[in-house]
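> Below is the file input_21.csv, which contains CSV, C-alpha atoms and all ligand atoms.
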```
chain,number,residue,atom,x,y,z
A,4,MET,CA,-94.2,36.6,-66.1
A,5,PRO,CA,-90.6,37.9,-66.6
A,6,HIS,CA,-87.7,36.2,-64.9
A,7,PRO,CA,-86.4,38.1,-61.8
A,8,HIS,CA,-83.0,39.6,-62.6
A,9,TYR,CA,-81.6,38.8,-59.1
A,10,ARG,CA,-82.2,35.4,-57.5
A,11,PRO,CA,-80.7,35.4,-54.0
A,12,ARG,CA,-82.2,32.0,-53.5
A,13,ARG,CA,-79.6,30.5,-55.9
A,14,MET,CA,-76.9,30.7,-53.3
A,15,ARG,CA,-79.3,29.1,-50.7
A,16,HIS,CA,-79.9,26.1,-53.0
A,17,ASP,CA,-77.3,23.8,-51.5
A,18,GLU,CA,-75.6,23.4,-48.1
A,19,PHE,CA,-72.1,23.9,-49.8
A,20,SER,CA,-73.0,27.4,-51.1
A,21,ARG,CA,-74.8,28.3,-47.9
A,22,ARG,CA,-71.6,27.4,-46.0
A,23,LEU,CA,-69.5,29.4,-48.5
A,24,MET,CA,-71.3,32.6,-48.0
A,25,ARG,CA,-71.9,32.3,-44.2
A,26,GLU,CA,-70.8,35.6,-42.6
A,27,ASN,CA,-70.6,34.7,-39.0
A,28,THR,CA,-69.7,31.6,-36.9
A,29,LEU,CA,-70.1,30.7,-33.3
A,30,THR,CA,-67.2,28.9,-31.7
A,31,THR,CA,-66.4,27.8,-28.2
A,32,ASP,CA,-63.9,30.7,-28.1
A,33,ASP,CA,-66.9,33.0,-27.9
A,34,LEU,CA,-68.2,31.7,-24.6
A,35,ILE,CA,-67.9,32.9,-21.0
A,36,TYR,CA,-69.6,30.7,-18.5
A,37,PRO,CA,-71.1,32.3,-15.4
A,38,VAL,CA,-71.3,30.1,-12.3
A,39,PHE,CA,-72.7,30.4,-8.8
A,40,VAL,CA,-70.5,29.4,-5.9
A,41,HIS,CA,-71.8,28.8,-2.3
A,42,GLU,CA,-70.4,27.8,1.0
A,43,PRO,CA,-72.3,24.5,1.8
A,44,ALA,CA,-71.1,21.2,0.4
A,45,GLY,CA,-72.6,19.9,-2.9
A,46,ARG,CA,-75.0,21.5,-5.4
A,47,VAL,CA,-78.3,23.2,-5.0
A,48,ALA,CA,-80.6,23.8,-8.0
A,49,VAL,CA,-81.8,27.3,-8.7
A,50,PRO,CA,-85.5,26.8,-9.4
A,51,SER,CA,-86.0,29.9,-11.6
A,52,MET,CA,-83.0,28.8,-13.8
A,53,PRO,CA,-83.6,25.1,-14.7
A,54,GLY,CA,-80.2,23.4,-15.2
A,55,VAL,CA,-78.3,26.0,-13.2
A,56,GLU,CA,-76.9,25.1,-9.7
A,57,ARG,CA,-75.1,26.7,-6.9
A,58,LEU,CA,-71.8,24.9,-6.4
A,59,SER,CA,-69.4,24.3,-3.5
A,60,ILE,CA,-65.8,25.0,-4.4
A,61,GLU,CA,-65.3,21.2,-4.7
A,62,GLU,CA,-68.1,21.0,-7.3
A,63,LEU,CA,-66.9,24.1,-9.0
A,64,LEU,CA,-63.6,22.4,-9.7
A,65,LYS,CA,-65.4,19.6,-11.4
A,66,VAL,CA,-67.4,22.0,-13.5
A,67,ALA,CA,-64.3,24.0,-14.3
A,68,GLU,CA,-62.5,20.8,-15.4
A,69,GLU,CA,-65.3,20.1,-17.8
A,70,ALA,CA,-65.4,23.6,-19.1
A,71,LEU,CA,-61.7,23.5,-19.8
A,72,GLU,CA,-62.0,20.2,-21.5
A,73,LEU,CA,-64.8,21.6,-23.7
A,74,GLY,CA,-62.6,24.5,-24.7
A,75,ILE,CA,-64.5,27.3,-22.9
A,76,PRO,CA,-61.9,30.1,-22.3
A,77,VAL,CA,-63.3,31.8,-19.2
A,78,ILE,CA,-65.4,31.1,-16.1
A,79,ASP,CA,-67.1,34.0,-14.4
A,80,LEU,CA,-67.6,33.6,-10.6
A,81,PHE,CA,-70.7,34.7,-8.7
A,82,PRO,CA,-70.5,34.0,-4.9
A,83,VAL,CA,-73.7,33.3,-2.9
A,84,LEU,CA,-73.2,34.3,0.7
A,85,ASP,CA,-75.0,33.2,3.8
A,86,ALA,CA,-77.1,36.0,5.4
A,87,SER,CA,-74.7,36.0,8.4
A,88,GLN,CA,-71.9,37.1,6.1
A,89,LYS,CA,-73.8,40.2,4.8
A,90,SER,CA,-73.4,43.6,6.3
A,91,LEU,CA,-74.0,47.3,5.6
A,92,ASP,CA,-70.4,47.9,4.6
A,93,ALA,CA,-70.1,44.7,2.6
A,94,SER,CA,-66.7,44.0,4.2
A,95,ALA,CA,-66.9,40.3,3.4
A,96,ALA,CA,-66.3,41.3,-0.3
A,97,TRP,CA,-62.6,41.9,0.3
A,98,ALA,CA,-61.9,39.2,3.0
A,99,GLU,CA,-58.7,37.5,2.2
A,100,ASP,CA,-60.3,34.1,2.9
A,101,GLY,CA,-63.7,35.0,1.5
A,102,LEU,CA,-65.7,32.7,-0.7
A,103,ALA,CA,-64.8,34.4,-4.0
A,104,GLN,CA,-61.1,34.6,-3.0
A,105,ARG,CA,-60.9,30.9,-2.1
A,106,ALA,CA,-62.7,29.9,-5.2
A,107,ILE,CA,-60.3,32.0,-7.4
A,108,ARG,CA,-57.3,30.4,-5.6
A,109,ALA,CA,-58.7,26.9,-6.0
A,110,LEU,CA,-59.3,27.4,-9.7
A,111,LYS,CA,-56.0,29.0,-10.5
A,112,SER,CA,-54.0,26.4,-8.7
A,113,ARG,CA,-55.8,23.5,-10.2
A,114,PHE,CA,-56.4,24.9,-13.7
A,115,PRO,CA,-54.0,27.7,-14.4
A,116,GLU,CA,-54.8,27.9,-18.1
A,117,LEU,CA,-58.5,28.4,-17.5
A,118,GLY,CA,-59.4,32.2,-17.5
A,119,VAL,CA,-61.0,33.3,-14.2
A,120,MET,CA,-63.2,36.3,-14.3
A,121,THR,CA,-64.8,37.8,-11.2
A,122,ASP,CA,-67.8,40.0,-10.6
A,123,VAL,CA,-67.0,43.2,-8.8
A,124,ALA,CA,-70.1,44.6,-7.0
A,125,LEU,CA,-71.4,44.6,-3.5
A,126,ASP,CA,-74.9,43.1,-3.9
A,127,PRO,CA,-74.0,39.6,-2.7
A,128,TYR,CA,-72.5,41.1,0.4
A,129,THR,CA,-74.9,43.8,1.5
A,130,THR,CA,-77.9,43.2,3.8
A,131,HIS,CA,-80.1,45.3,1.5
A,132,GLY,CA,-79.0,43.8,-1.8
A,133,GLN,CA,-77.9,47.0,-3.4
A,134,ASP,CA,-74.6,47.1,-5.3
A,135,GLY,CA,-73.2,49.8,-3.0
A,136,ILE,CA,-73.1,51.4,0.3
A,137,ILE,CA,-76.3,53.3,1.1
A,138,ASP,CA,-77.2,56.4,3.2
A,139,ASP,CA,-80.1,56.5,5.6
A,140,LYS,CA,-82.6,57.1,2.8
A,141,GLY,CA,-81.3,54.0,0.9
A,142,TYR,CA,-79.5,56.0,-1.8
A,143,VAL,CA,-76.4,54.3,-3.0
A,144,LEU,CA,-73.4,56.5,-2.4
A,145,ASN,CA,-71.0,56.7,-5.3
A,146,ASP,CA,-67.5,57.5,-4.0
A,147,ILE,CA,-67.4,55.4,-0.9
A,148,THR,CA,-68.8,52.5,-2.9
A,149,VAL,CA,-65.9,53.0,-5.4
A,150,GLU,CA,-63.4,52.7,-2.5
A,151,ALA,CA,-65.0,49.4,-1.5
A,152,LEU,CA,-64.9,48.2,-5.1
A,153,VAL,CA,-61.2,49.0,-5.2
A,154,LYS,CA,-60.6,46.8,-2.1
A,155,GLN,CA,-62.7,44.0,-3.6
A,156,SER,CA,-60.9,44.2,-6.9
A,157,LEU,CA,-57.4,44.1,-5.3
A,158,SER,CA,-58.4,41.1,-3.2
A,159,HIS,CA,-59.5,39.3,-6.3
A,160,ALA,CA,-56.3,40.2,-8.2
A,161,GLU,CA,-54.2,39.1,-5.2
A,162,ALA,CA,-56.1,35.7,-5.2
A,163,GLY,CA,-55.2,35.3,-8.9
A,164,ALA,CA,-58.2,36.6,-10.9
A,165,ASP,CA,-57.4,37.2,-14.6
A,166,ILE,CA,-60.3,39.5,-15.4
A,167,ILE,CA,-62.1,41.9,-13.0
A,168,SER,CA,-65.6,42.8,-14.1
A,169,PRO,CA,-67.2,45.6,-12.3
A,170,SER,CA,-71.0,45.2,-12.7
A,171,ASP,CA,-72.0,48.0,-10.3
A,172,MET,CA,-72.3,51.1,-12.6
A,173,MET,CA,-70.7,53.5,-10.1
A,174,ASP,CA,-69.1,56.6,-11.7
A,175,GLY,CA,-65.3,56.6,-11.9
A,176,ARG,CA,-64.8,53.0,-10.7
A,177,ILE,CA,-62.9,51.8,-13.7
A,178,GLY,CA,-60.3,54.5,-13.4
A,179,ALA,CA,-60.0,54.0,-9.6
A,180,ILE,CA,-59.6,50.2,-10.0
A,181,ARG,CA,-57.1,50.5,-12.8
A,182,ARG,CA,-54.9,52.9,-10.8
A,183,ALA,CA,-55.0,50.6,-7.8
A,184,LEU,CA,-54.2,47.5,-9.8
A,185,ASP,CA,-51.3,49.3,-11.5
A,186,ALA,CA,-50.0,50.6,-8.1
A,187,ASP,CA,-50.0,47.0,-6.8
A,188,HIS,CA,-48.2,45.7,-9.9
A,189,HIS,CA,-51.2,43.8,-11.3
A,190,LEU,CA,-50.4,45.0,-14.7
A,191,ASN,CA,-51.9,42.2,-16.6
A,192,VAL,CA,-55.2,41.9,-14.8
A,193,ARG,CA,-57.8,42.7,-17.5
A,194,ILE,CA,-60.9,44.8,-16.8
A,195,MET,CA,-64.2,43.9,-18.4
A,196,ALA,CA,-66.4,46.8,-17.6
A,197,TYR,CA,-70.2,46.4,-17.5
A,198,SER,CA,-70.3,49.8,-19.1
A,199,ALA,CA,-73.9,49.7,-20.5
A,200,LYS,CA,-75.8,47.9,-17.8
A,201,TYR,CA,-79.5,48.6,-17.7
A,202,ALA,CA,-81.9,48.6,-14.8
A,203,SER,CA,-83.5,45.6,-16.3
A,204,ALA,CA,-86.4,43.3,-15.2
A,205,PHE,CA,-84.5,40.4,-16.8
A,206,TYR,CA,-82.2,39.9,-13.8
A,207,GLY,CA,-84.9,38.4,-11.6
A,208,PRO,CA,-83.7,34.8,-11.6
A,209,PHE,CA,-80.1,35.8,-11.0
A,210,ARG,CA,-81.2,37.7,-7.8
A,211,ASP,CA,-82.9,34.4,-6.7
A,212,ALA,CA,-79.7,32.6,-7.4
A,213,VAL,CA,-77.4,34.9,-5.4
A,214,GLY,CA,-80.1,35.5,-2.8
A,215,SER,CA,-80.3,39.2,-3.2
A,216,ALA,CA,-83.9,39.3,-4.3
A,217,ALA,CA,-85.3,38.9,-0.8
A,218,SER,CA,-83.0,41.6,0.6
A,219,LEU,CA,-83.8,44.0,-2.2
A,220,GLY,CA,-87.6,43.6,-1.7
A,221,LYS,CA,-89.4,46.3,-3.7
A,222,ALA,CA,-86.4,48.5,-4.1
A,223,ASP,CA,-84.8,49.0,-7.6
A,224,LYS,CA,-81.4,50.0,-9.0
A,225,LYS,CA,-82.6,52.8,-11.2
A,226,THR,CA,-80.3,55.5,-9.6
A,227,TYR,CA,-77.2,53.7,-11.0
A,228,GLN,CA,-78.2,51.2,-13.7
A,229,MET,CA,-79.3,52.7,-16.9
A,230,ASP,CA,-82.8,53.5,-18.2
A,231,PRO,CA,-83.8,50.9,-20.9
A,232,ALA,CA,-85.0,53.7,-23.1
A,233,ASN,CA,-81.5,55.1,-23.6
A,234,GLY,CA,-78.9,54.4,-26.3
A,235,ASP,CA,-76.8,57.5,-26.6
A,236,GLU,CA,-76.2,57.4,-22.8
A,237,ALA,CA,-74.7,53.9,-23.2
A,238,MET,CA,-72.3,55.3,-25.7
A,239,ARG,CA,-71.1,57.9,-23.3
A,240,GLU,CA,-70.7,55.3,-20.6
A,241,ILE,CA,-68.6,53.1,-22.9
A,242,ALA,CA,-66.4,56.1,-23.9
A,243,LEU,CA,-65.8,56.9,-20.2
A,244,ASP,CA,-64.9,53.4,-19.2
A,245,LEU,CA,-62.5,53.1,-22.1
A,246,GLU,CA,-60.9,56.4,-21.2
A,247,GLU,CA,-60.6,55.2,-17.6
A,248,GLY,CA,-58.8,52.0,-18.7
A,249,ALA,CA,-61.2,49.2,-19.5
A,250,ASP,CA,-59.8,46.5,-21.8
A,251,MET,CA,-63.2,45.1,-22.7
A,252,VAL,CA,-66.7,46.5,-22.5
A,253,MET,CA,-70.0,44.8,-22.0
A,254,VAL,CA,-73.6,45.4,-22.9
A,255,LYS,CA,-76.2,43.9,-20.5
A,256,PRO,CA,-78.8,42.4,-20.9
A,257,GLY,CA,-78.3,40.8,-24.3
A,258,MET,CA,-81.0,40.0,-26.7
A,259,PRO,CA,-83.2,43.1,-26.2
A,260,TYR,CA,-80.0,45.3,-26.5
A,261,LEU,CA,-78.3,44.0,-29.6
A,262,ASP,CA,-78.6,47.5,-31.3
A,263,LEU,CA,-76.1,48.7,-28.7
A,264,VAL,CA,-73.7,45.8,-29.3
A,265,ARG,CA,-73.7,46.9,-33.0
A,266,ARG,CA,-73.2,50.6,-32.2
A,267,VAL,CA,-70.5,50.0,-29.7
A,268,LYS,CA,-68.5,47.7,-32.0
A,269,GLU,CA,-68.8,50.1,-34.9
A,270,THR,CA,-68.0,53.2,-33.0
A,271,PHE,CA,-65.2,52.0,-30.7
A,272,GLY,CA,-63.8,48.8,-32.4
A,273,VAL,CA,-62.9,47.4,-29.0
A,274,PRO,CA,-63.4,43.9,-27.5
A,275,THR,CA,-67.2,44.0,-27.0
A,276,PHE,CA,-69.2,41.5,-25.0
A,277,ALA,CA,-72.8,40.9,-24.1
A,278,TYR,CA,-74.5,39.1,-21.3
A,279,GLN,CA,-77.4,36.8,-22.1
A,280,VAL,CA,-78.8,37.2,-18.6
A,281,SER,CA,-80.7,35.0,-16.3
A,282,GLY,CA,-84.2,36.2,-17.4
A,283,GLU,CA,-83.3,35.5,-21.1
A,284,TYR,CA,-82.1,32.0,-20.0
A,285,ALA,CA,-85.2,31.4,-17.9
A,286,MET,CA,-87.8,32.4,-20.5
A,287,MET,CA,-86.1,30.2,-23.2
A,288,LYS,CA,-85.9,27.3,-20.8
A,289,ALA,CA,-89.6,27.6,-20.0
A,290,ALA,CA,-90.4,27.4,-23.6
A,291,PHE,CA,-88.2,24.4,-24.2
A,292,ALA,CA,-89.7,22.6,-21.2
A,293,ASN,CA,-93.1,23.1,-22.6
A,294,GLY,CA,-92.0,21.8,-26.0
A,295,TRP,CA,-92.8,25.2,-27.6
A,296,LEU,CA,-89.3,25.8,-29.0
A,297,ASP,CA,-86.5,23.5,-30.0
A,298,GLU,CA,-83.7,24.0,-27.5
A,299,ARG,CA,-80.6,23.4,-29.5
A,300,ALA,CA,-81.7,25.3,-32.6
A,301,CYS,CA,-83.0,28.3,-30.6
A,302,VAL,CA,-79.9,28.6,-28.3
A,303,LEU,CA,-77.5,28.4,-31.2
A,304,GLU,CA,-79.5,31.0,-33.2
A,305,SER,CA,-79.7,33.3,-30.2
A,306,LEU,CA,-75.9,33.2,-29.8
A,307,LEU,CA,-75.3,33.6,-33.5
A,308,GLY,CA,-77.4,36.8,-33.2
A,309,PHE,CA,-74.9,38.2,-30.8
A,310,LYS,CA,-72.1,37.5,-33.2
A,311,ARG,CA,-73.9,39.1,-36.1
A,312,ALA,CA,-74.5,42.2,-34.0
A,313,GLY,CA,-70.7,42.4,-33.5
A,314,ALA,CA,-70.1,40.8,-30.1
A,315,ASP,CA,-66.6,39.2,-29.6
A,316,GLY,CA,-68.1,36.9,-27.0
A,317,VAL,CA,-71.2,36.2,-24.9
A,318,LEU,CA,-71.7,35.4,-21.2
A,319,THR,CA,-74.3,32.7,-21.2
A,320,TYR,CA,-75.6,30.0,-18.8
A,321,PHE,CA,-75.9,27.8,-21.9
A,322,ALA,CA,-72.1,27.8,-22.4
A,323,PRO,CA,-71.2,24.1,-21.6
A,324,GLN,CA,-74.2,22.8,-23.4
A,325,VAL,CA,-73.4,24.9,-26.4
A,326,ALA,CA,-69.7,23.8,-26.3
A,327,ARG,CA,-71.0,20.2,-26.4
A,328,TRP,CA,-73.2,20.9,-29.4
A,329,LEU,CA,-70.4,22.6,-31.2
A,330,ARG,CA,-68.2,19.7,-30.6
A,331,GLU,CA,-70.7,17.3,-32.1
A,332,ARG,CA,-70.9,19.2,-35.4
B,1,LIG,C1,-74.9,42.3,-9.7
B,1,LIG,C2,-75.2,41.5,-11.0
B,1,LIG,C3,-76.4,41.2,-11.5
B,1,LIG,C4,-76.2,40.4,-12.6
B,1,LIG,C5,-74.8,40.3,-12.8
B,1,LIG,N1,-74.2,41.0,-11.7
B,1,LIG,C6,-77.8,41.6,-11.0
B,1,LIG,C7,-78.2,42.9,-10.7
B,1,LIG,O1,-77.6,43.9,-11.2
B,1,LIG,O2,-79.1,43.1,-9.9
B,1,LIG,C8,-77.3,39.8,-13.4
B,1,LIG,C9,-77.0,38.6,-14.2
B,1,LIG,C10,-78.1,37.9,-14.7
B,1,LIG,O3,-79.3,38.3,-14.6
B,1,LIG,O4,-77.9,36.8,-15.3
B,1,LIG,N2,-74.1,43.3,-9.7
```
Could you spell out this file's structure in structure tokens?

Amino acid sequence: MPHPHYRPRRMRHDEFSRRLMRENTLTTDDLIYPVFVHEPAGRVAVPSMPGVERLSIEELLKVAEEALELGIPVIDLFPVLDASQKSLDASAAWAEDGLAQRAIRALKSRFPELGVMTDVALDPYTTHGQDGIIDDKGYVLNDITVEALVKQSLSHAEAGADIISPSDMMDGRIGAIRRALDADHHLNVRIMAYSAKYASAFYGPFRDAVGSAASLGKADKKTYQMDPANGDEAMREIALDLEEGADMVMVKPGMPYLDLVRRVKETFGVPTFAYQVSGEYAMMKAAFANGWLDERACVLESLLGFKRAGADGVLTYFAPQVARWLRER
């Protein structure tokens, strides 16, 4: 039996040489923490997302303080509205004293150094749960929805949001929002575009969390979110959003779409993010609860996978837990 000429195992022999050749690292700087905010006092658990809660603004401030203390750079806000606040034109989305707007102001006045990102889309505000304004057949109309998204973005910027993140997939919205922000002198408000957002089945638990699942019923979002079969189309969407003025782009969902994270990073070389969405969180949590997978090892491995694929950061519901584990190391 001849000796193998190459022995890659040699470098894996000891922890010191494994560390030396390690190509990617996960740090707290890579984390964006999505949180759900609601109107009632206190916290309410989201059953399909064990460990995730809807928070009042008061509770949000506690969570934000901990996030800041853990070194998480950015919190991403998702408001949960009472049914009485929802309408066909989604006008609660740009109310000056709306839930999102009050949450942004509370965060920025208490913790100015914590980045505040906001979701721009109409689904928490519409009676039908679609991300836009619909015609009588239920079709989401593009251009009047973009006008609404512009109003929503401006109201977030005025309240003090640092990053606006349109998650709606309407055509031309990045350009329209950028022009409006510039015209209102919000020159440093960053736009993180959900550029490659798929019509995914992995958003189910999120829709429970924001209460849009019931409104949506059997309807889907396939006329605006992308077909999971497509990759080249995502690249065109990214190119358009960058041309229109996005500072950062996002691929969503995360783990089943890491090929796109790699393609986007290699092709465009721009700040690239991925969203480890609610369904990814829920399925992992279910396996942990059953004792089928080791939570800490699997979560850290999953997030390292995003880094290896080329992501500059990940939106993940695991963010605070991960930050605690990273601190222990
Ligand atoms: C809504 C929005 C969704 C998510 C983020 N923003 C749901 C949807 O498009 O129906 C999903 C996030 C998750 O599943 O964690 N515009």
> Need to verify the contact set: range 203-216 of chain A, 10 Å, all atoms listed in the file, exclusion of same-chain residues closer than 2 positions in sequence. Can you return it as a ChimeraX atom specification?
/A:39-41,47-52,55-57,81-86,126-134,200-201,218-225,228-231,255-257,259,279-286
> In Å to one decimal, how far is CA of Leu144 in chain A from CA of Tyr227 in chain A?
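CA of Leu144 in chain A lies at a distance of 9.8 Å from CA of Tyr227 in chain A.
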> Just checking: using only C-alpha atoms, which residue out of A:Arg239, A:Lys288, A:Lys268, A:Lys65 ends up closest to Arg311 in chain A?
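Among A:Arg239, A:Lys288, A:Lys268, A:Lys65, it is A:Lys268 that comes nearest to Arg311 in chain A.
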> Please work out which residues fall within 12 Å of (-62.6, 53.0, -15.3), coordinates as given in the file, with all atoms listed in the file counting, and return them as a PyMOL selection string.
chain A and resi 149+152-153+167-184+193-198+240-252
> Got a sec: who's within 12 Å of Glu72 in chain A, counting all atoms listed in the file, leaving out chain neighbours fewer than 6 positions off, as a PyMOL selection string?
chain A and resi 31+65-66+114+116-117+323+326-327+330
> Pick the closest to Asp79 in chain A from A:Met238, A:Ala300, A:Ile137, A:Ala164: which is it, counting all atoms listed in the file?
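Looking only at the distances to Asp79 in chain A, the closest residue turns out to be A:Ala164.
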> Identify which of the residues A:Gly294, A:Gly101, A:Pro37, A:Pro53 lies closest to Val77 in chain A, counting all atoms listed in the file when measuring atom-to-atom distances.
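Of A:Gly294, A:Gly101, A:Pro37, A:Pro53, the one nearest Val77 in chain A, counting all atoms listed in the file, is A:Pro37.
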> Could you jot down the CA of Tyr260 in chain A to CA of Ala277 in chain A separation for me, Å, one decimal place?
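Between CA of Tyr260 in chain A and CA of Ala277 in chain A the gap is 8.8 Å.
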> Rounded to one decimal place, report the CA of Phe271 in chain A-CA of Gly316 in chain A distance in Å.
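According to the coordinates, CA of Phe271 in chain A and CA of Gly316 in chain A are separated by 15.8 Å.
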> Measuring between all atoms listed in the file, which one of A:Val123, A:Ala237, A:Leu329, A:Ala217 shows the shortest distance to ligand LIG 1 (chain B)?
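Of A:Val123, A:Ala237, A:Leu329, A:Ala217, the one nearest ligand LIG 1 (chain B), counting all atoms listed in the file, is A:Val123.
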> Identify, on the basis of only C-alpha atoms, every residue whose closest approach to Arg108 in chain A does not exceed 9 Å; exclude the query and any residue fewer than 4 positions from it along the same chain; express the result as an MDAnalysis selection string.
chainID A and resid 103:104 112:113 162:164
> Kindly indicate which residue among A:Gly234, A:Gly135, A:Gly54, A:Pro115 lies nearest to Asp262 in chain A, using all atoms listed in the file for the distances.
A:Gly234
> Starting from the incomplete input, reconstruct N, CA and C atoms of range 63-82 of chain A and report them as an mmCIF file, keeping the file's coordinate frame.

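The result, written out as part23.cif:
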```cif
data_model
loop_
_atom_site.group_PDB
_atom_site.id
_atom_site.type_symbol
_atom_site.label_atom_id
_atom_site.label_comp_id
_atom_site.auth_asym_id
_atom_site.auth_seq_id
_atom_site.Cartn_x
_atom_site.Cartn_y
_atom_site.Cartn_z
ATOM 1 N N LEU A 63 -67.364 23.157 -7.995
ATOM 2 C CA LEU A 63 -66.900 24.100 -9.000
ATOM 3 C C LEU A 63 -65.696 23.614 -9.741
ATOM 4 N N LEU A 64 -64.805 22.938 -9.008
ATOM 5 C CA LEU A 64 -63.600 22.400 -9.700
ATOM 6 C C LEU A 64 -63.971 21.357 -10.720
ATOM 7 N N LYS A 65 -65.016 20.574 -10.440
ATOM 8 C CA LYS A 65 -65.400 19.600 -11.400
ATOM 9 C C LYS A 65 -66.019 20.264 -12.673
ATOM 10 N N VAL A 66 -66.834 21.290 -12.414
ATOM 11 C CA VAL A 66 -67.400 22.000 -13.500
ATOM 12 C C VAL A 66 -66.358 22.739 -14.340
ATOM 13 N N ALA A 67 -65.362 23.273 -13.639
ATOM 14 C CA ALA A 67 -64.300 24.000 -14.300
ATOM 15 C C ALA A 67 -63.466 23.017 -15.184
ATOM 16 N N GLU A 68 -63.254 21.821 -14.657
ATOM 17 C CA GLU A 68 -62.500 20.800 -15.400
ATOM 18 C C GLU A 68 -63.213 20.497 -16.722
ATOM 19 N N GLU A 69 -64.536 20.359 -16.620
ATOM 20 C CA GLU A 69 -65.300 20.100 -17.800
ATOM 21 C C GLU A 69 -65.281 21.238 -18.798
ATOM 22 N N ALA A 70 -65.406 22.443 -18.253
ATOM 23 C CA ALA A 70 -65.400 23.600 -19.100
ATOM 24 C C ALA A 70 -64.064 23.723 -19.873
ATOM 25 N N LEU A 71 -62.986 23.461 -19.152
ATOM 26 C CA LEU A 71 -61.700 23.500 -19.800
ATOM 27 C C LEU A 71 -61.540 22.455 -20.849
ATOM 28 N N GLU A 72 -62.034 21.281 -20.527
ATOM 29 C CA GLU A 72 -62.000 20.200 -21.500
ATOM 30 C C GLU A 72 -62.821 20.470 -22.723
ATOM 31 N N LEU A 73 -63.917 21.211 -22.533
ATOM 32 C CA LEU A 73 -64.800 21.600 -23.700
ATOM 33 C C LEU A 73 -64.210 22.762 -24.466
ATOM 34 N N GLY A 74 -63.171 23.393 -23.940
ATOM 35 C CA GLY A 74 -62.600 24.500 -24.700
ATOM 36 C C GLY A 74 -63.149 25.873 -24.341
ATOM 37 N N ILE A 75 -63.920 25.973 -23.264
ATOM 38 C CA ILE A 75 -64.500 27.300 -22.900
ATOM 39 C C ILE A 75 -63.307 28.106 -22.269
ATOM 40 N N PRO A 76 -63.086 29.323 -22.772
ATOM 41 C CA PRO A 76 -61.900 30.100 -22.300
ATOM 42 C C PRO A 76 -61.992 30.626 -20.906
ATOM 43 N N VAL A 77 -63.180 31.018 -20.482
ATOM 44 C CA VAL A 77 -63.300 31.800 -19.200
ATOM 45 C C VAL A 77 -64.522 31.354 -18.412
ATOM 46 N N ILE A 78 -64.318 31.265 -17.099
ATOM 47 C CA ILE A 78 -65.400 31.100 -16.100
ATOM 48 C C ILE A 78 -65.594 32.360 -15.358
ATOM 49 N N ASP A 79 -66.844 32.747 -15.120
ATOM 50 C CA ASP A 79 -67.100 34.000 -14.400
ATOM 51 C C ASP A 79 -67.792 33.605 -13.052
ATOM 52 N N LEU A 80 -67.192 34.050 -11.951
ATOM 53 C CA LEU A 80 -67.600 33.600 -10.600
ATOM 54 C C LEU A 80 -68.624 34.549 -9.952
ATOM 55 N N PHE A 81 -69.713 33.972 -9.438
ATOM 56 C CA PHE A 81 -70.700 34.700 -8.700
ATOM 57 C C PHE A 81 -70.895 34.044 -7.314
ATOM 58 N N PRO A 82 -70.369 34.629 -6.241
ATOM 59 C CA PRO A 82 -70.500 34.000 -4.900
ATOM 60 C C PRO A 82 -71.923 34.231 -4.350
#
```
